[in-house]
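Inspection log for the structure reproduced underneath, given as structure tokens.
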Number of protein chains: 2
Amino acid sequence: MAQAAVQLPARSTYRHGDLRRALLDAGIELARRGGPDAVVLREATRRAGVVPNAAYRHFASRQDLLQAVRAAALSALAVAMERELARLRPGAHPADHARASLRAIGVAYLRFARNEPGLFRTAFAVPGDPETTVNSAMAGKTGLNPFQLLGVALDRLLAAGVLTADRRPGAEYLAWSAVHGLAMLVLEGPLRRLTRTQARGIEQRLLAMVENGL
Amino acid sequence: MAQAAVQLPARSTYRHGDLRRALLDAGIELARRGGPDAVVLREATRRAGVVPNAAYRHFASRQDLLQAVRAAALSALAVAMERELARLRPGAHPADHARASLRAIGVAYLRFARNEPGLFRTAFAVPGDPETTVNSAMAGKTGLNPFQLLGVALDRLLAAGVLTADRRPGAEYLAWSAVHGLAMLVLEGPLRRLTRTQARGIEQRLLAMVENGL
DNA sequence: CCGGTATGTATACACCGTCCACAATCCTTA
DNA sequence: TAAGGATTGTGGACGGTGTATACATACCGG
């Protein structure tokens with residue numbers, strides 16, 4: 001079960017060059033397969049070709065490294081959302097565009113959970129205030145993190161008159177809850193064995209529920 | 001941070017009597033505070049006043065013990081749901097009663113997450129097919145596990161004509177997703193700092209969303 | 001009563017996170 | 001340009017974990 005540490009050609013220089021980056025990359029790779037528990041400090045240093053304690057020059061603890069990996073995962077999710085949003089054509093009706101925006105966020109979220117389960121679990125199964133903190137390390141190219149991107153979509157719904165003003169505050173929590181719950185269910189819950197098409201069906205119904213019930 | 005192992009009075013008999021039960025209870029207690037990661041085999045054996053390896057006579061591995069704890073947590077959740085359901089008066093309109101049933105399930109779920117966060121996280125943050133498996137260890141007094149209890153509530157909605165037949169299949173996934181997502185959000189997400197009353201507000205809105213959007 | 005089988009013990013290993021003292025390198029400043 | 005402090009990586013150690021293997025004790029059915 002132990003990872004066969006890929007033996008790098010034993011760096012010739014005493015200094016590494018960019019050890020922090022190397023450790024972070026190794027951590028991301030570990031999280032990618034295996035989730036948060038797989039992010040083990042010693043393995044990361046091994047992959048960077050460095051002695052275990054060297055990590056402590058760049059991260060205060062394993063938790064600290066894990067938080068950095070988590071931020072990277074959230075950032076990747078934000079990028080995926082932005083990509084999905086960018087595919088939208090402004091279209092004729094602002095109401096349709098707003099609805100499509102919300103849907104794009106949901107679709108990107110669920111797709112990310114499916115395609116990068118390890119990163120997804122690392123992003124959300126680790127304590128730490130996920131979304132409220134303004135931290136550029138978690139953001140995408142727009143500088144917004146996933147939660148803020150969801151907020152933008154909801155604002156469009158409000159502006160387009162699809163969402164009434166009294167229902168706007170806190171709406172992100174409702175939408176996020178539903179989509180996140182489904183993601184977990186598909187990832188490690190009873191829906192794990194669903195075929196891709198079946199999963200798509202449930203996803204569509206869920207997004208419809210959010211749209212109608214918000 | 002290490003648990004001060006409560007030193008039991010050094011059992012006089014060679015045999016323990018009911019070590020499996022003792023280990024399971026210790027595991028549950030560990031999970032209760034600290035969640036799944038806190039379920040450490042050696043600590044459980046310490047609390048049972050027994051040498052570490054003794055555990056292997058009753059559990060194949062730490063994972064195995066963790067699964068047993070998880071089953072106990074799911075069972076506790078099922079009991080909480082049953083209790084909430086039992087408070088309902090059949091009432092005049094079956095439609096109202098059906099709606100109240102679904103709401104009771106949701107309320108019990110969210111309350112359990114709030115009151116027993118450690119057990120809740122253990123129940124759901126551990127792999128293993130949670131709900132589909134027919135396993136009496138996960139069930140409440142009715143013999144139904146949490147997922148099946150949700151199914152019962154949805155069946156009532158169907159019988160009362162609130163839910164159309166074409167929307168019934170898979171409806172548990174939609175409802176479960178929303179409620180579970182919110183629970184996670186409140187537990188370790190951005191909604192952690194909400195006051196109890198604020199949380200209640202969001203909960204009510206979410207349950208309404210499910211009811212309308214299903 | 002005796003022997004097999006279930007249960008708990010002893011010892012050991014590999015791995016982990018982390019602390020401490022030390023060595024090599026770099027960078028500023030005199 | 002030489003010196004010396006600050007950074008960064010090394011070496012060794014400690015206590016913790018899960019688990020394997022061999023052994024000791026107690027129970028139970030013939």
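Chain labels A, B, ... are given in the sequence in which chains occur in the structure tokens; within each chain residues are numbered consecutively from 1, and ligands are likewise numbered from 1 in the order shown.
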Handout entry: Exercise answer, chain A residues close to chain D, 8 Å and only C-alpha atoms (C1' of nucleotides), as an NGL selection string
Key = :A and (14-15 or 50-51 or 54 or 57)
Which residues of chain C come within 12 Å of chain A, and what is each one's closest atom pair and distance in Å (one decimal), counting only C-alpha atoms (C1' of nucleotides), sorted by chain and residue number, as a Markdown table?
```
| residue | atom | partner | partner_atom | distance |
| --- | --- | --- | --- | --- |
| C:DA14 | C1' | A:Ala2 | CA | 10.7 |
| C:DC15 | C1' | A:Ala2 | CA | 9.5 |
| C:DC16 | C1' | A:Arg42 | CA | 7.8 |
| C:DG17 | C1' | A:Arg62 | CA | 7.5 |
| C:DT18 | C1' | A:Ser61 | CA | 8.3 |
| C:DC19 | C1' | A:Asn53 | CA | 9.8 |
| C:DC20 | C1' | A:Asn53 | CA | 11.2 |
| C:DA23 | C1' | A:Tyr14 | CA | 10.6 |
| C:DA24 | C1' | A:Tyr14 | CA | 7.1 |
| C:DT25 | C1' | A:Arg15 | CA | 7.3 |
| C:DC26 | C1' | A:Arg15 | CA | 9.5 |
```
Exercise for the section: Identify every residue of chain A that has at least one atom within 10 Å of any atom of chain B, counting only C-alpha atoms, and report the result as a PyMOL selection string. Expected result: chain A and resi 37+121+124-133+147+167+170-171+173-193+201-203+205-214
Exercise for the section: Compile the contact shell of Asn135 of chain A as a list of chain:residue names: residues with an atom at most 12 Å away, counting only C-alpha atoms (C1' of nucleotides), same-chain residues fewer than 3 positions apart removed. Expected result: A:Gln67, A:Ala68, A:Arg70, A:Ala71, A:Ala72, A:Leu74, A:Ser75, A:Asp129, A:Pro130, A:Glu131, A:Thr132, A:Met138, A:Ala139, A:Gly140, A:Gly143, A:Leu144, A:Asn145, A:Pro146, A:Phe147, A:Gln148
Exercise for the section: Write out as JSON, numbers by chain which residues come within 6 Å of segment 100-116 of chain A when counting only C-alpha atoms (C1' of nucleotides), dropping same-chain ones fewer than 5 positions away. Expected result: {"A": [81, 84, 85, 153, 183]}
Practice task
For Ala165 of chain B, work out the shell of residues within 12 Å, counting only C-alpha atoms (C1' of nucleotides) and skipping chain neighbours fewer than 4 positions away, then give it as a PyMOL selection string.
Solution key: chain B and resi 154-161+169-171+214
Output C-alpha atoms for every residue in that selection, as a PDB file, in the first residue's frame.
```pdb
ATOM      1  CA  LEU B 154     -41.592  10.026   0.675  1.00  0.00           C
ATOM      2  CA  ASP B 155     -43.941   7.083   0.214  1.00  0.00           C
ATOM      3  CA  ARG B 156     -46.431   8.871   2.423  1.00  0.00           C
ATOM      4  CA  LEU B 157     -46.173  11.919   0.211  1.00  0.00           C
ATOM      5  CA  LEU B 158     -46.872   9.716  -2.772  1.00  0.00           C
ATOM      6  CA  ALA B 159     -49.804   7.993  -1.101  1.00  0.00           C
ATOM      7  CA  ALA B 160     -51.271  11.352  -0.112  1.00  0.00           C
ATOM      8  CA  GLY B 161     -51.028  12.545  -3.670  1.00  0.00           C
ATOM      9  CA  PRO B 169     -38.167   7.299  -7.890  1.00  0.00           C
ATOM     10  CA  GLY B 170     -34.903   8.757  -6.733  1.00  0.00           C
ATOM     11  CA  ALA B 171     -36.594  11.463  -4.703  1.00  0.00           C
ATOM     12  CA  LEU B 214     -39.174  17.902  -5.183  1.00  0.00           C
TER      13      LEU B 214
END
```
Problem - Filtered DSSP result for segment 103-148 of chain A, state alpha helix (DSSP H), as a VMD selection string - result: chain A and resid 103 to 115 117 to 124 146 to 148
Keeping only N, CA and C atoms, take the residues you just selected and write them out as an mmCIF file, in the first residue's frame.
```cif
data_model
loop_
_atom_site.group_PDB
_atom_site.id
_atom_site.type_symbol
_atom_site.label_atom_id
_atom_site.label_comp_id
_atom_site.auth_asym_id
_atom_site.auth_seq_id
_atom_site.Cartn_x
_atom_site.Cartn_y
_atom_site.Cartn_z
ATOM 1 N N ARG A 103 -26.879 27.330 -13.237
ATOM 2 C CA ARG A 103 -26.744 25.951 -13.672
ATOM 3 C C ARG A 103 -25.287 25.603 -13.989
ATOM 4 N N ALA A 104 -24.610 26.534 -14.612
ATOM 5 C CA ALA A 104 -23.198 26.298 -14.955
ATOM 6 C C ALA A 104 -22.362 26.078 -13.691
ATOM 7 N N ILE A 105 -22.635 26.867 -12.677
ATOM 8 C CA ILE A 105 -21.923 26.708 -11.415
ATOM 9 C C ILE A 105 -22.154 25.301 -10.863
ATOM 10 N N GLY A 106 -23.406 24.906 -10.858
ATOM 11 C CA GLY A 106 -23.742 23.585 -10.325
ATOM 12 C C GLY A 106 -23.107 22.471 -11.126
ATOM 13 N N VAL A 107 -23.175 22.592 -12.427
ATOM 14 C CA VAL A 107 -22.600 21.566 -13.297
ATOM 15 C C VAL A 107 -21.095 21.456 -13.085
ATOM 16 N N ALA A 108 -20.433 22.605 -13.019
ATOM 17 C CA ALA A 108 -18.981 22.598 -12.820
ATOM 18 C C ALA A 108 -18.632 21.947 -11.486
ATOM 19 N N TYR A 109 -19.395 22.269 -10.480
ATOM 20 C CA TYR A 109 -19.157 21.730 -9.141
ATOM 21 C C TYR A 109 -19.252 20.209 -9.153
ATOM 22 N N LEU A 110 -20.315 19.706 -9.746
ATOM 23 C CA LEU A 110 -20.542 18.259 -9.749
ATOM 24 C C LEU A 110 -19.533 17.546 -10.633
ATOM 25 N N ARG A 111 -19.185 18.169 -11.724
ATOM 26 C CA ARG A 111 -18.203 17.558 -12.608
ATOM 27 C C ARG A 111 -16.839 17.483 -11.928
ATOM 28 N N PHE A 112 -16.508 18.548 -11.227
ATOM 29 C CA PHE A 112 -15.227 18.561 -10.513
ATOM 30 C C PHE A 112 -15.188 17.438 -9.476
ATOM 31 N N ALA A 113 -16.277 17.281 -8.765
ATOM 32 C CA ALA A 113 -16.340 16.223 -7.748
ATOM 33 C C ALA A 113 -16.128 14.860 -8.393
ATOM 34 N N ARG A 114 -16.687 14.683 -9.574
ATOM 35 C CA ARG A 114 -16.582 13.396 -10.255
ATOM 36 C C ARG A 114 -15.180 13.188 -10.826
ATOM 37 N N ASN A 115 -14.625 14.219 -11.441
ATOM 38 C CA ASN A 115 -13.338 14.070 -12.123
ATOM 39 C C ASN A 115 -12.142 14.138 -11.191
ATOM 40 N N PRO A 117 -12.047 13.484 -7.500
ATOM 41 C CA PRO A 117 -12.612 13.186 -6.173
ATOM 42 C C PRO A 117 -11.628 13.448 -5.031
ATOM 43 N N GLY A 118 -10.377 13.130 -5.275
ATOM 44 C CA GLY A 118 -9.390 13.339 -4.215
ATOM 45 C C GLY A 118 -9.255 14.807 -3.846
ATOM 46 N N LEU A 119 -9.124 15.629 -4.854
ATOM 47 C CA LEU A 119 -9.014 17.066 -4.592
ATOM 48 C C LEU A 119 -10.300 17.610 -3.982
ATOM 49 N N PHE A 120 -11.407 17.124 -4.485
ATOM 50 C CA PHE A 120 -12.693 17.589 -3.973
ATOM 51 C C PHE A 120 -12.826 17.295 -2.485
ATOM 52 N N ARG A 121 -12.513 16.079 -2.116
ATOM 53 C CA ARG A 121 -12.613 15.717 -0.706
ATOM 54 C C ARG A 121 -11.621 16.517 0.128
ATOM 55 N N THR A 122 -10.464 16.763 -0.425
ATOM 56 C CA THR A 122 -9.486 17.570 0.306
ATOM 57 C C THR A 122 -9.995 18.990 0.497
ATOM 58 N N ALA A 123 -10.677 19.490 -0.506
ATOM 59 C CA ALA A 123 -11.166 20.861 -0.428
ATOM 60 C C ALA A 123 -12.228 21.030 0.650
ATOM 61 N N PHE A 124 -13.010 19.981 0.870
ATOM 62 C CA PHE A 124 -14.177 20.175 1.729
ATOM 63 C C PHE A 124 -14.207 19.308 2.973
ATOM 64 N N PRO A 146 -14.835 29.805 -5.183
ATOM 65 C CA PRO A 146 -16.055 29.126 -5.635
ATOM 66 C C PRO A 146 -17.331 29.691 -5.025
ATOM 67 N N PHE A 147 -17.239 29.980 -3.750
ATOM 68 C CA PHE A 147 -18.424 30.480 -3.069
ATOM 69 C C PHE A 147 -18.837 31.844 -3.606
ATOM 70 N N GLN A 148 -17.863 32.665 -3.865
ATOM 71 C CA GLN A 148 -18.154 33.991 -4.402
ATOM 72 C C GLN A 148 -18.690 33.918 -5.823
#
```
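The environment of Ala22 of chain A within 10 Å, counting only C-alpha atoms (C1' of nucleotides) and disregarding residues fewer than 6 places along the same chain, consists of A:His16, A:Ile28, A:Ala44, A:Thr45, A:Arg47, A:Ala48, A:Gly49.
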